[in-house]
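Here's the structure, in structure tokens; my notes come after.
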Amino acid sequence: MGMNMDMSGGNNSTMPPHHHPTTSSDHSHDHMMMMPMTFYFGFKNVELLFSGLVINTAGEMAGAFVAVFLLAMFYEGLKIAREGLLRKSQVSIRYNSMPVPGPNGTILMETHKTVGQQMLSFPHLLQTVLHIIQVVISYFLMLIFMTYNGYLCIAVAAGAGTGYFLFSWKKAVVVDITEHCH
């Protein structure tokens, strides 16, 4: 900008506002707001989700790593727990068996599935609250990953992997025993 002022010569009256002291403070303000756009490993001046939560030491980064790891692990556990709660709330109202006359005077038991819940039921309200918590945590984890801090990114990935490993193995053994019945 100094070059423009020297070259403009007679237009000095329009140029000084560009060199006003507030612009230099605006520039430093813009510089402070810039986020890193590449992955880096460091623990100096790392802002974590909230303006007052700044990591400046290795110990603080270690604490943040553990907290983010546990948050990501909790997120995976919450997803599996919500699936389990949904299955339990549906199981209680889902299967209705009734006798049906069959061929040659025999009686067959026919199983009907009743899917769906009432909108104002406690299980559905609980699922709604848990869904809100799940969404907020997922956005927190995304924003933490977007700091591009290598340590925090590893904490998110490791926590999610550990949570999946610990909680998801049970869901594979749940089998709907009436699926083969028609």
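Naming works like this for the structure tokens: A, B, ... for the chains as they're shown, residue 1 at the start of each chain, ligands 1 onward in shown order.
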
List the neighbours of region 159-162 of chain A out to 7 Å using only C-alpha atoms; skip same-chain residues closer than 2 positions along the sequence, and give me the result as a PDB file with C-alpha atoms, in the first residue's frame.
ATOM      1  CA  PHE A  69     -10.257 -39.807  22.967  1.00  0.00           C
ATOM      2  CA  LEU A  70     -12.938 -40.482  25.602  1.00  0.00           C
ATOM      3  CA  ALA A  72     -14.962 -40.095  20.540  1.00  0.00           C
ATOM      4  CA  MET A  73     -15.228 -43.433  22.369  1.00  0.00           C
ATOM      5  CA  GLU A  76     -19.419 -44.711  19.334  1.00  0.00           C
ATOM      6  CA  ALA A 155      -7.254 -38.797  19.511  1.00  0.00           C
ATOM      7  CA  VAL A 156     -10.516 -38.593  17.514  1.00  0.00           C
ATOM      8  CA  ALA A 157      -9.578 -41.517  15.257  1.00  0.00           C
ATOM      9  CA  TYR A 164     -16.262 -49.294  17.886  1.00  0.00           C
ATOM     10  CA  PHE A 165     -14.054 -52.202  18.958  1.00  0.00           C
ATOM     11  CA  LEU A 166     -15.464 -52.235  22.504  1.00  0.00           C
TER      12      LEU A 166
END

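If you measure from each of A:Gly52, A:Pro36, A:Gly42, A:Gly77 to Gln134 (chain A) using only C-alpha atoms, the closest one turns out to be A:Gly77.
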
How close does each residue of region 29-92 of chain A get to region 138-148 of chain A, giving the shortest atom pair and distance in Å to one decimal for every residue with an atom at most 9 Å away, counting only C-alpha atoms, sorted by chain and residue number, as a Markdown table?
| residue | atom | partner | partner_atom | distance |
| --- | --- | --- | --- | --- |
| A:Met35 | CA | A:Thr147 | CA | 7.2 |
| A:Pro36 | CA | A:Tyr148 | CA | 6.6 |
| A:Met37 | CA | A:Tyr148 | CA | 6.8 |
| A:Thr38 | CA | A:Tyr148 | CA | 6.1 |
| A:Phe39 | CA | A:Tyr148 | CA | 4.6 |
| A:Tyr40 | CA | A:Tyr148 | CA | 6.4 |
| A:Phe41 | CA | A:Tyr148 | CA | 8.6 |
| A:Val46 | CA | A:Thr147 | CA | 8.0 |
| A:Glu47 | CA | A:Thr147 | CA | 7.9 |
| A:Leu48 | CA | A:Ile144 | CA | 6.7 |
| A:Leu49 | CA | A:Ile144 | CA | 6.8 |
| A:Val68 | CA | A:Leu141 | CA | 7.8 |
| A:Leu71 | CA | A:Leu141 | CA | 8.0 |
| A:Ala72 | CA | A:Leu141 | CA | 7.0 |
| A:Tyr75 | CA | A:Ser138 | CA | 7.3 |

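The closest residue to Lys44 (chain A), picked from A:Leu108, A:Ala58, A:Leu120, A:Val135 and counting only C-alpha atoms, is A:Ala58.
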
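Listed by chain and then by rising number, the residues of region 35-138 of chain A that DSSP assigns to strand (DSSP E or B) from the backbone are Tyr40, Val46, Glu47, Val54, Ile55, Tyr95, Asn96, Ser97, Met98, Pro99, Val100, Pro101, Ile107, Leu108, Met109, Glu110, Thr111, His112 and Lys113 of chain A.
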
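Separating CA of Leu53 (chain A) from CA of Asn149 (chain A) is a distance of 14.7 Å.
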
Just want the 12 Å neighbourhood of Leu126 (chain A), counted on only C-alpha atoms, with same-chain residues fewer than 6 positions away dropped. Output as a PyMOL selection string. chain A and resi 81-82+85-86+89+119-120+132-133

Could you give me the residues within region 70-169 of chain A that DSSP places in alpha helix (DSSP H), as a ChimeraX atom specification? /A:70-94,122-145,150-167

Which residues are close to Phe43 (chain A), i.e. within 10 Å by only C-alpha atoms, leaving aside same-chain residues fewer than 5 positions away? Reply as a VMD selection string. chain A and resid 54 to 62 149 to 152

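Of the residues under consideration (A:Thr106, A:Phe74, A:Leu125, A:Pro99), A:Phe74 shows the shortest atom-to-atom contact distance to Ala158 (chain A) when counting only C-alpha atoms.
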
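Restricting the calculation to only C-alpha atoms, the smallest distance between Lys79 (chain A) and any of A:Asn45, A:His131, A:Trp169, A:Pro101 is found for A:His131.
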